[in-house]
Number of protein chains: 2
Amino acid sequence: MICRALRRAIIEQALEPGAKLPEDSLGERFGVSRTIARYALGQLASEGLVELRRNRIAVVVTPSWQDARDIFDIRMDLERLIVRKIAGKLSSSQIARLKAHVEAEREAEHGPNAVSIRLATEFHIMLASMTNSPVLVRYVSEIAYRCCLTLSLFSRPHSSECGINEHIAIIEALQEGDANKAMSLMHSHLDSVANRALVEPTPARGRDLLDVLAPYAEETT
Amino acid sequence: MICRALRRAIIEQALEPGAKLPEDSLGERFGVSRTIARYALGQLASEGLVELRRNRIAVVVTPSWQDARDIFDIRMDLERLIVRKIAGKLSSSQIARLKAHVEAEREAEHGPNAVSIRLATEFHIMLASMTNSPVLVRYVSEIAYRCCLTLSLFSRPHSSECGINEHIAIIEALQEGDANKAMSLMHSHLDSVANRALVEPTPARGRDLLDVLAPYAEETT
DNA sequence: CTCTCTTCGATTGCATGCACTTCGGGCACG
DNA sequence: CGTGCCCGAAGTGCATGCAATCGAAGAGAG
């Protein structure tokens with residue numbers, strides 16, 4: 001419960017990376033005791049959204065550039081696996097649900113950026129859930145959520161419009177049962193998201209003093 | 001700590017699927033309070049090794065046949081990704097560590113079955129860790145551990161000898177830097193493990209009355 | 001004015017207490 | 001002999017208390 005709320009707050013960037021998450025405050029805010037808040041933090045930590053440091057306040061993770069690349073790599077493989085699994089096997093009601101979701105994406109297109117990012121993410125999770133593979137759903141959810149974080153860090157001028165058309169194309173390929181086409185569409189979709197979004201971080205724009213000084217520190221060691 | 005111990009107990013089948021895990025007993029056994037035991041159970045649950053039912057004693061999960069297939073599917077993809085990532089990029093010390101591990105596998109070959117299964121599993125996790133991708137390590141670990149459980153359920157006459165030679169072949173392909181060869185070796189390795197191990201459960205041999213009756217129950221709903 | 005040390009409030013780590021739920025054995029009854 | 005019910009023991013869900021730890025602000029020295 002509180003877990004879900006926290007997760008949403010994080011992926012919609014209401015809590016930006018680095019934000020502190022004291023157990024008391026969370027508990028008080030949600031009307032539960034520290035025990036519950038603590039449990040939620042543990043869950044989120046195991047999903048890689050929260051960083052738990054011993055004896056210190058938990059914080060929203062700040063994914064590194066390397067993390068981002070890793071995660072996108074894995075995501076690419078998993079999502080290709082998903083479309084391969086479900087291509088041509090979707091019921092008409094499932095297709096309808098997908099199309100309805102894309103419609104919702106289009107409506108939110110000019111709304112708040114965080115919402116459209118979340119919707120785009122949920123589209124992928126919806127696809128995953130249609131494989132009826134709980135593990136796959138969990139992994140893709142987790143990875144997709146972390147991609148949200150990453151996108152918020154490394155891509156200021158996010159524009160998701162093109163993504164919507166690609167979603168539609170993927171649905172059509174799935175409907176036709178053309179697994180290879182769907183896989184290559186998904187591939188290029190994710191690839192374009194990654195390349196559009198993941199602009200190599202300008203080392204100068206360090207959010208944190210430590211990050212900026214890291215390369216210099218190496219010389220002195 | 002207690003988490004690691006429990007995990008090992010589960011994957012070595014000291015605790016077989018369905019075994020009850022009361023918080024008090026665990027805490028007492030490990031000399032900690034319920035709080036810690038409870039936390040460990042939560043972790044293991046999020047790894048899919050333990051099933052947490054509200055107000056009821058936690059139990060070691062009993063993977064279904066369908067779960068097993070799903071997990072092997074995903075594993076196949078992830079492990080192919082791993083060898084693709086590390087082919088030709090391993091240092092000589094890494095190669096040495098891999099070979100040493102295989103040697104350990106060979107030594108344990110005629111020891112207790114559970115140990116050789118665990119070693120075989122750890123070989124794959126070792127490979128994953130060489131990608132330097134924390135997420136990949138976590139997923140493969142989790143999946144591999146669950147495969148242990150699955151193997152213990154669906155394959156009585158387990159023989160891992162052939163697996164050892166395949167491990168060696170994979171190492172050599174990685175050393176040569178032949179990503180495609182390594183991937184196809186890994187593919188056939190996992191495929192043979194899956195097919196050797198995952199004998200379709202004979203419906204008659206229901207461990208549990210509920211399992212047997214499950215298909216019939218659907219009609220009545 | 002800056003740097004360091006110290007101290008105290010803030011926060012976590014863990015254990016324990018209490019209320020509620022579930023389980024299992026015994027007992028009455030068919 | 002089998003079946004249903006009931007109640008005590010066992011176990012979980014959650015809150016809270018206490019000690020240990022961290023960190024930020026303030027005092028003091030240079």
# chains A, B, ... in the order shown; residues from 1 in each chain; ligands from 1
>>> residues_around(residues="stretch 10-23 of chain D", least_positions_apart="2", cutoff="10 Å", atoms="only C-alpha atoms (C1' of nucleotides)", output="PyMOL selection string")
(chain A and resi 32-36+54-57) or (chain B and resi 22-24+38+53-58) or (chain C and resi 9-24) or (chain D and resi 8+25)
>>> closest_residue(among="A:Val137, A:Ala100, A:Leu127, A:Leu6", to="chain B", atoms="only C-alpha atoms")
A:Val137
>>> residues_around(residues="A:Lys181", least_positions_apart="4", cutoff="12 Å", atoms="only C-alpha atoms (C1' of nucleotides)", output="PyMOL selection string")
chain A and resi 80+83-84+87-88+169-177+185-189
>>> write_last_selection(atoms="C-alpha atoms", output="short mmCIF file (atom, residue, chain, number, x, y, z; two decimals), in the first residue's frame")
data_model
loop_
_atom_site.label_atom_id
_atom_site.label_comp_id
_atom_site.auth_asym_id
_atom_site.auth_seq_id
_atom_site.Cartn_x
_atom_site.Cartn_y
_atom_site.Cartn_z
CA ARG A 80 12.06 -8.97 -27.20
CA VAL A 83 6.82 -9.92 -27.86
CA ARG A 84 8.11 -13.25 -29.14
CA ALA A 87 2.91 -12.47 -30.92
CA GLY A 88 -0.24 -13.83 -32.49
CA ALA A 169 2.94 -0.36 -34.70
CA ILE A 170 3.99 -2.97 -32.17
CA ILE A 171 0.39 -3.79 -31.34
CA GLU A 172 -0.37 -4.30 -35.01
CA ALA A 173 2.57 -6.60 -35.51
CA LEU A 174 1.51 -8.60 -32.47
CA GLN A 175 -2.00 -8.84 -33.84
CA GLU A 176 -0.73 -10.08 -37.19
CA GLY A 177 1.30 -12.70 -35.34
CA LEU A 185 9.89 -2.98 -33.92
CA MET A 186 10.33 -3.35 -30.19
CA HIS A 187 14.05 -3.32 -30.67
CA SER A 188 14.10 -0.09 -32.60
CA HIS A 189 11.51 1.42 -30.27
#
>>> residues_around(residues="B:Ala14", least_positions_apart="4", cutoff="12 Å", atoms="only C-alpha atoms (C1' of nucleotides)", output="ChimeraX atom specification")
/B:5-10,18-19,60,112-115,149,152
>>> write_last_selection(atoms="C-alpha atoms", output="mmCIF file, in the first residue's frame")
data_model
loop_
_atom_site.group_PDB
_atom_site.id
_atom_site.type_symbol
_atom_site.label_atom_id
_atom_site.label_comp_id
_atom_site.auth_asym_id
_atom_site.auth_seq_id
_atom_site.Cartn_x
_atom_site.Cartn_y
_atom_site.Cartn_z
ATOM 1 C CA ALA B 5 21.876 -19.340 5.508
ATOM 2 C CA LEU B 6 18.210 -19.854 4.824
ATOM 3 C CA ARG B 7 18.721 -19.499 1.093
ATOM 4 C CA ARG B 8 21.377 -22.160 1.114
ATOM 5 C CA ALA B 9 19.262 -24.452 3.195
ATOM 6 C CA ILE B 10 16.494 -24.093 0.653
ATOM 7 C CA GLY B 18 6.431 -26.838 1.355
ATOM 8 C CA ALA B 19 8.493 -26.783 4.547
ATOM 9 C CA VAL B 60 9.284 -22.809 0.974
ATOM 10 C CA PRO B 112 26.082 -35.297 -2.303
ATOM 11 C CA ASN B 113 23.802 -34.378 -5.140
ATOM 12 C CA ALA B 114 22.637 -31.143 -3.563
ATOM 13 C CA VAL B 115 26.170 -29.807 -3.405
ATOM 14 C CA LEU B 149 14.252 -25.809 -6.524
ATOM 15 C CA SER B 152 14.748 -30.925 -7.117
#
>>> select_by_dssp(residues="stretch 32-203 of chain A", states="helix (DSSP H, G or I)", output="MDAnalysis selection string")
chainID A and resid 34:46 65:86 92:110 113:129 134:154 161:176 179:197 203
>>> residues_around(residues="stretch 68-77 of chain B", least_positions_apart="2", cutoff="9 Å", atoms="only C-alpha atoms (C1' of nucleotides)", output="mmCIF file with all heavy atoms, in the first residue's frame")
data_model
loop_
_atom_site.group_PDB
_atom_site.id
_atom_site.type_symbol
_atom_site.label_atom_id
_atom_site.label_comp_id
_atom_site.auth_asym_id
_atom_site.auth_seq_id
_atom_site.Cartn_x
_atom_site.Cartn_y
_atom_site.Cartn_z
ATOM 1 N N ASP A 77 16.546 -7.248 -24.149
ATOM 2 C CA ASP A 77 16.398 -8.694 -24.274
ATOM 3 C C ASP A 77 15.049 -9.169 -23.742
ATOM 4 O O ASP A 77 14.360 -9.961 -24.393
ATOM 5 C CB ASP A 77 17.519 -9.401 -23.503
ATOM 6 C CG ASP A 77 18.676 -9.730 -24.413
ATOM 7 O OD1 ASP A 77 19.150 -8.792 -25.077
ATOM 8 O OD2 ASP A 77 19.066 -10.905 -24.473
ATOM 9 N N LEU A 78 14.692 -8.688 -22.575
ATOM 10 C CA LEU A 78 13.461 -9.176 -21.960
ATOM 11 C C LEU A 78 12.243 -8.781 -22.793
ATOM 12 O O LEU A 78 11.322 -9.577 -22.972
ATOM 13 C CB LEU A 78 13.331 -8.630 -20.535
ATOM 14 C CG LEU A 78 14.308 -9.222 -19.535
ATOM 15 C CD1 LEU A 78 14.021 -8.718 -18.127
ATOM 16 C CD2 LEU A 78 14.224 -10.743 -19.548
ATOM 17 N N LEU A 81 11.898 -10.893 -25.748
ATOM 18 C CA LEU A 81 11.350 -12.185 -25.330
ATOM 19 C C LEU A 81 9.834 -12.088 -25.170
ATOM 20 O O LEU A 81 9.085 -12.970 -25.606
ATOM 21 C CB LEU A 81 11.988 -12.616 -24.013
ATOM 22 C CG LEU A 81 11.415 -13.866 -23.348
ATOM 23 C CD1 LEU A 81 11.569 -15.074 -24.257
ATOM 24 C CD2 LEU A 81 12.085 -14.128 -22.006
ATOM 25 N N ASN A 132 1.596 -14.023 -19.052
ATOM 26 C CA ASN A 132 1.230 -14.916 -17.946
ATOM 27 C C ASN A 132 2.452 -15.494 -17.255
ATOM 28 O O ASN A 132 2.410 -16.601 -16.738
ATOM 29 C CB ASN A 132 0.344 -16.064 -18.438
ATOM 30 C CG ASN A 132 -1.064 -15.580 -18.682
ATOM 31 O OD1 ASN A 132 -1.582 -14.774 -17.913
ATOM 32 N ND2 ASN A 132 -1.665 -16.053 -19.743
ATOM 33 N N SER A 133 3.525 -14.743 -17.286
ATOM 34 C CA SER A 133 4.733 -15.206 -16.603
ATOM 35 C C SER A 133 5.066 -14.227 -15.483
ATOM 36 O O SER A 133 5.574 -13.146 -15.727
ATOM 37 C CB SER A 133 5.878 -15.279 -17.603
ATOM 38 O OG SER A 133 7.101 -15.398 -16.918
ATOM 39 N N PRO A 134 4.758 -14.617 -14.249
ATOM 40 C CA PRO A 134 4.927 -13.698 -13.118
ATOM 41 C C PRO A 134 6.341 -13.145 -13.022
ATOM 42 O O PRO A 134 6.531 -11.962 -12.749
ATOM 43 C CB PRO A 134 4.609 -14.576 -11.911
ATOM 44 C CG PRO A 134 3.840 -15.723 -12.441
ATOM 45 C CD PRO A 134 4.291 -15.935 -13.842
ATOM 46 N N VAL A 135 7.311 -14.006 -13.248
ATOM 47 C CA VAL A 135 8.693 -13.556 -13.120
ATOM 48 C C VAL A 135 8.992 -12.476 -14.140
ATOM 49 O O VAL A 135 9.591 -11.442 -13.842
ATOM 50 C CB VAL A 135 9.664 -14.727 -13.319
ATOM 51 C CG1 VAL A 135 11.074 -14.284 -13.005
ATOM 52 C CG2 VAL A 135 9.269 -15.875 -12.440
ATOM 53 N N LEU A 136 8.558 -12.730 -15.364
ATOM 54 C CA LEU A 136 8.793 -11.766 -16.434
ATOM 55 C C LEU A 136 8.144 -10.436 -16.081
ATOM 56 O O LEU A 136 8.737 -9.365 -16.246
ATOM 57 C CB LEU A 136 8.217 -12.324 -17.737
ATOM 58 C CG LEU A 136 8.877 -11.910 -19.042
ATOM 59 C CD1 LEU A 136 10.386 -11.883 -18.910
ATOM 60 C CD2 LEU A 136 8.457 -12.852 -20.148
ATOM 61 N N PRO B 63 7.439 -24.748 -6.759
ATOM 62 C CA PRO B 63 7.255 -24.216 -8.108
ATOM 63 C C PRO B 63 6.348 -25.131 -8.920
ATOM 64 O O PRO B 63 6.447 -26.358 -8.829
ATOM 65 C CB PRO B 63 8.668 -24.207 -8.695
ATOM 66 C CG PRO B 63 9.602 -24.452 -7.550
ATOM 67 C CD PRO B 63 8.811 -25.188 -6.516
ATOM 68 N N SER B 64 5.484 -24.547 -9.700
ATOM 69 C CA SER B 64 4.637 -25.350 -10.576
ATOM 70 C C SER B 64 5.398 -25.662 -11.866
ATOM 71 O O SER B 64 6.428 -25.060 -12.163
ATOM 72 C CB SER B 64 3.372 -24.587 -10.921
ATOM 73 O OG SER B 64 3.663 -23.538 -11.826
ATOM 74 N N TRP B 65 4.887 -26.595 -12.590
ATOM 75 C CA TRP B 65 5.488 -26.945 -13.869
ATOM 76 C C TRP B 65 5.543 -25.733 -14.787
ATOM 77 O O TRP B 65 6.550 -25.462 -15.445
ATOM 78 C CB TRP B 65 4.677 -28.071 -14.512
ATOM 79 C CG TRP B 65 5.060 -28.390 -15.911
ATOM 80 C CD1 TRP B 65 4.371 -28.114 -17.036
ATOM 81 C CD2 TRP B 65 6.259 -29.050 -16.330
ATOM 82 N NE1 TRP B 65 5.054 -28.547 -18.135
ATOM 83 C CE2 TRP B 65 6.207 -29.128 -17.737
ATOM 84 C CE3 TRP B 65 7.353 -29.574 -15.657
ATOM 85 C CZ2 TRP B 65 7.224 -29.716 -18.480
ATOM 86 C CZ3 TRP B 65 8.377 -30.156 -16.397
ATOM 87 C CH2 TRP B 65 8.305 -30.223 -17.791
ATOM 88 N N GLN B 66 4.489 -24.983 -14.801
ATOM 89 C CA GLN B 66 4.430 -23.795 -15.654
ATOM 90 C C GLN B 66 5.496 -22.778 -15.225
ATOM 91 O O GLN B 66 6.195 -22.204 -16.054
ATOM 92 C CB GLN B 66 3.036 -23.163 -15.578
ATOM 93 C CG GLN B 66 2.817 -22.028 -16.562
ATOM 94 C CD GLN B 66 3.088 -22.468 -17.992
ATOM 95 O OE1 GLN B 66 2.705 -23.550 -18.404
ATOM 96 N NE2 GLN B 66 3.782 -21.625 -18.751
ATOM 97 N N GLU B 79 21.085 -15.655 -19.928
ATOM 98 C CA GLU B 79 22.423 -16.241 -19.953
ATOM 99 C C GLU B 79 23.074 -16.060 -21.326
ATOM 100 O O GLU B 79 24.292 -15.917 -21.421
ATOM 101 C CB GLU B 79 22.357 -17.729 -19.568
ATOM 102 C CG GLU B 79 21.805 -17.939 -18.169
ATOM 103 C CD GLU B 79 22.808 -18.610 -17.231
ATOM 104 O OE1 GLU B 79 24.020 -18.515 -17.483
ATOM 105 O OE2 GLU B 79 22.351 -19.233 -16.252
ATOM 106 N N ARG B 80 22.251 -16.054 -22.353
ATOM 107 C CA ARG B 80 22.809 -15.747 -23.674
ATOM 108 C C ARG B 80 23.342 -14.314 -23.685
ATOM 109 O O ARG B 80 24.410 -14.029 -24.233
ATOM 110 C CB ARG B 80 21.766 -15.951 -24.760
ATOM 111 C CG ARG B 80 21.522 -17.439 -25.088
ATOM 112 C CD ARG B 80 20.221 -17.611 -25.852
ATOM 113 N NE ARG B 80 20.159 -16.790 -27.040
ATOM 114 C CZ ARG B 80 20.500 -17.225 -28.252
ATOM 115 N NH1 ARG B 80 20.919 -18.462 -28.409
ATOM 116 N NH2 ARG B 80 20.422 -16.429 -29.286
ATOM 117 N N LEU B 81 22.574 -13.421 -23.078
ATOM 118 C CA LEU B 81 23.032 -12.030 -22.984
ATOM 119 C C LEU B 81 24.364 -11.949 -22.255
ATOM 120 O O LEU B 81 25.277 -11.225 -22.665
ATOM 121 C CB LEU B 81 21.964 -11.202 -22.252
ATOM 122 C CG LEU B 81 22.334 -9.752 -21.914
ATOM 123 C CD1 LEU B 81 22.614 -8.966 -23.189
ATOM 124 C CD2 LEU B 81 21.225 -9.084 -21.121
ATOM 125 N N ILE B 82 24.468 -12.729 -21.188
ATOM 126 C CA ILE B 82 25.696 -12.696 -20.396
ATOM 127 C C ILE B 82 26.906 -13.112 -21.223
ATOM 128 O O ILE B 82 27.903 -12.388 -21.282
ATOM 129 C CB ILE B 82 25.559 -13.623 -19.175
ATOM 130 C CG1 ILE B 82 24.608 -13.006 -18.161
ATOM 131 C CG2 ILE B 82 26.909 -13.872 -18.534
ATOM 132 C CD1 ILE B 82 24.311 -13.906 -16.990
ATOM 133 N N TYR B 139 19.264 -10.914 -11.135
ATOM 134 C CA TYR B 139 18.245 -11.693 -11.827
ATOM 135 C C TYR B 139 18.697 -13.119 -12.063
ATOM 136 O O TYR B 139 17.952 -14.070 -11.830
ATOM 137 C CB TYR B 139 17.890 -11.019 -13.157
ATOM 138 C CG TYR B 139 17.070 -9.776 -12.995
ATOM 139 C CD1 TYR B 139 16.665 -9.040 -14.089
ATOM 140 C CD2 TYR B 139 16.682 -9.333 -11.731
ATOM 141 C CE1 TYR B 139 15.906 -7.894 -13.939
ATOM 142 C CE2 TYR B 139 15.940 -8.194 -11.572
ATOM 143 C CZ TYR B 139 15.549 -7.471 -12.683
ATOM 144 O OH TYR B 139 14.802 -6.343 -12.532
ATOM 145 N N VAL B 140 19.920 -13.260 -12.548
ATOM 146 C CA VAL B 140 20.385 -14.614 -12.846
ATOM 147 C C VAL B 140 20.512 -15.422 -11.556
ATOM 148 O O VAL B 140 20.168 -16.600 -11.521
ATOM 149 C CB VAL B 140 21.707 -14.583 -13.622
ATOM 150 C CG1 VAL B 140 22.325 -15.968 -13.686
ATOM 151 C CG2 VAL B 140 21.462 -14.061 -15.020
ATOM 152 N N ILE B 143 17.004 -16.434 -10.560
ATOM 153 C CA ILE B 143 16.463 -17.447 -11.455
ATOM 154 C C ILE B 143 17.180 -18.771 -11.292
ATOM 155 O O ILE B 143 16.557 -19.839 -11.258
ATOM 156 C CB ILE B 143 16.553 -16.954 -12.915
ATOM 157 C CG1 ILE B 143 15.470 -15.917 -13.142
ATOM 158 C CG2 ILE B 143 16.451 -18.090 -13.887
ATOM 159 C CD1 ILE B 143 15.310 -15.538 -14.577
ATOM 160 N N ALA B 144 18.489 -18.697 -11.157
ATOM 161 C CA ALA B 144 19.249 -19.937 -11.038
ATOM 162 C C ALA B 144 18.869 -20.665 -9.746
ATOM 163 O O ALA B 144 18.710 -21.886 -9.733
ATOM 164 C CB ALA B 144 20.748 -19.638 -11.066
ATOM 165 N N ARG B 146 16.075 -20.517 -8.223
ATOM 166 C CA ARG B 146 14.748 -21.118 -8.372
ATOM 167 C C ARG B 146 14.812 -22.349 -9.256
ATOM 168 O O ARG B 146 14.018 -23.281 -9.098
ATOM 169 C CB ARG B 146 13.769 -20.083 -8.931
ATOM 170 C CG ARG B 146 13.520 -18.981 -7.922
ATOM 171 C CD ARG B 146 12.592 -17.940 -8.441
ATOM 172 N NE ARG B 146 11.232 -18.435 -8.589
ATOM 173 C CZ ARG B 146 10.209 -17.644 -8.871
ATOM 174 N NH1 ARG B 146 10.399 -16.354 -9.027
ATOM 175 N NH2 ARG B 146 9.000 -18.145 -8.997
ATOM 176 N N CYS B 147 15.745 -22.338 -10.195
ATOM 177 C CA CYS B 147 15.910 -23.533 -11.017
ATOM 178 C C CYS B 147 16.341 -24.711 -10.145
ATOM 179 O O CYS B 147 15.917 -25.847 -10.369
ATOM 180 C CB CYS B 147 16.936 -23.296 -12.114
ATOM 181 S SG CYS B 147 16.295 -22.345 -13.506
ATOM 182 N N THR B 150 13.353 -26.106 -8.716
ATOM 183 C CA THR B 150 12.599 -26.801 -9.750
ATOM 184 C C THR B 150 13.201 -28.158 -10.047
ATOM 185 O O THR B 150 12.492 -29.166 -10.133
ATOM 186 C CB THR B 150 12.595 -25.951 -11.028
ATOM 187 O OG1 THR B 150 11.916 -24.730 -10.755
ATOM 188 C CG2 THR B 150 11.917 -26.684 -12.154
ATOM 189 N N LEU B 151 14.532 -28.166 -10.216
ATOM 190 C CA LEU B 151 15.198 -29.421 -10.533
ATOM 191 C C LEU B 151 14.930 -30.447 -9.445
ATOM 192 O O LEU B 151 14.704 -31.622 -9.719
ATOM 193 C CB LEU B 151 16.701 -29.190 -10.676
ATOM 194 C CG LEU B 151 17.115 -28.381 -11.913
ATOM 195 C CD1 LEU B 151 18.613 -28.167 -11.946
ATOM 196 C CD2 LEU B 151 16.661 -29.109 -13.172
ATOM 197 N N MET B 186 25.975 -22.193 -24.706
ATOM 198 C CA MET B 186 25.163 -21.934 -23.526
ATOM 199 C C MET B 186 23.721 -22.355 -23.782
ATOM 200 O O MET B 186 23.071 -22.970 -22.927
ATOM 201 C CB MET B 186 25.215 -20.441 -23.181
ATOM 202 C CG MET B 186 24.366 -20.043 -21.995
ATOM 203 S SD MET B 186 24.810 -20.867 -20.461
ATOM 204 C CE MET B 186 26.103 -19.779 -19.876
ATOM 205 N N HIS B 187 23.255 -22.049 -24.980
ATOM 206 C CA HIS B 187 21.891 -22.414 -25.334
ATOM 207 C C HIS B 187 21.680 -23.920 -25.204
ATOM 208 O O HIS B 187 20.759 -24.385 -24.536
ATOM 209 C CB HIS B 187 21.597 -21.956 -26.762
ATOM 210 C CG HIS B 187 20.184 -22.172 -27.183
ATOM 211 N ND1 HIS B 187 19.242 -21.165 -27.120
ATOM 212 C CD2 HIS B 187 19.539 -23.273 -27.645
ATOM 213 C CE1 HIS B 187 18.075 -21.645 -27.534
ATOM 214 N NE2 HIS B 187 18.233 -22.927 -27.861
ATOM 215 N N LEU B 190 21.888 -25.185 -21.502
ATOM 216 C CA LEU B 190 20.673 -24.971 -20.713
ATOM 217 C C LEU B 190 19.538 -25.833 -21.241
ATOM 218 O O LEU B 190 18.726 -26.365 -20.475
ATOM 219 C CB LEU B 190 20.281 -23.497 -20.743
ATOM 220 C CG LEU B 190 21.211 -22.568 -19.964
ATOM 221 C CD1 LEU B 190 20.799 -21.121 -20.132
ATOM 222 C CD2 LEU B 190 21.217 -22.953 -18.497
ATOM 223 N N ASP B 191 19.505 -25.941 -22.549
ATOM 224 C CA ASP B 191 18.435 -26.732 -23.148
ATOM 225 C C ASP B 191 18.520 -28.176 -22.681
ATOM 226 O O ASP B 191 17.510 -28.796 -22.332
ATOM 227 C CB ASP B 191 18.563 -26.663 -24.674
ATOM 228 C CG ASP B 191 17.256 -26.994 -25.340
ATOM 229 O OD1 ASP B 191 16.247 -26.332 -25.004
ATOM 230 O OD2 ASP B 191 17.229 -27.919 -26.166
ATOM 231 N N ALA B 194 17.490 -28.412 -19.100
ATOM 232 C CA ALA B 194 16.036 -28.315 -18.979
ATOM 233 C C ALA B 194 15.372 -29.605 -19.426
ATOM 234 O O ALA B 194 14.490 -30.137 -18.749
ATOM 235 C CB ALA B 194 15.521 -27.138 -19.789
ATOM 236 N N LEU B 198 13.697 -31.492 -16.693
ATOM 237 C CA LEU B 198 12.278 -31.200 -16.582
ATOM 238 C C LEU B 198 11.419 -32.244 -17.264
ATOM 239 O O LEU B 198 10.882 -32.018 -18.335
ATOM 240 C CB LEU B 198 11.985 -29.826 -17.177
ATOM 241 C CG LEU B 198 12.601 -28.667 -16.397
ATOM 242 C CD1 LEU B 198 12.176 -27.350 -16.997
ATOM 243 C CD2 LEU B 198 12.180 -28.749 -14.951
#
>>> atom_distance(atom1="atom CA of A:Arg4", atom2="atom CA of B:Ala45")
17.3 Å
>>> residues_around(residues="C:DC27", least_positions_apart="2", cutoff="12 Å", atoms="only C-alpha atoms (C1' of nucleotides)", output="JSON, numbers by chain")
{"C": [25, 29], "D": [3, 4, 5, 6, 7]}
>>> write_last_selection(atoms="C-alpha atoms (C1' of nucleotides)", output="PDB file, in the first residue's frame")
ATOM      1  C1'  DG C  25      -6.831 -31.767  18.835  1.00  0.00           C
ATOM      2  C1'  DC C  29     -23.117 -36.160  18.102  1.00  0.00           C
TER       3       DC C  29
ATOM      4  C1'  DT D   3     -18.358 -35.660  10.964  1.00  0.00           C
ATOM      5  C1'  DG D   4     -18.824 -31.155  12.751  1.00  0.00           C
ATOM      6  C1'  DC D   5     -17.791 -27.836  16.406  1.00  0.00           C
ATOM      7  C1'  DC D   6     -15.119 -25.484  19.855  1.00  0.00           C
ATOM      8  C1'  DC D   7     -11.412 -23.865  22.332  1.00  0.00           C
TER       9       DC D   7
END
>>> atom_distance(atom1="atom CA of B:Ser129", atom2="atom CA of B:Gln94")
10.5 Å
>>> select_by_dssp(residues="stretch 2-210 of chain B", states="strand (DSSP E)", output="list in words")
Lys20, Leu21, Val50, Glu51, Ala58, Val59 and Val60 of chain B
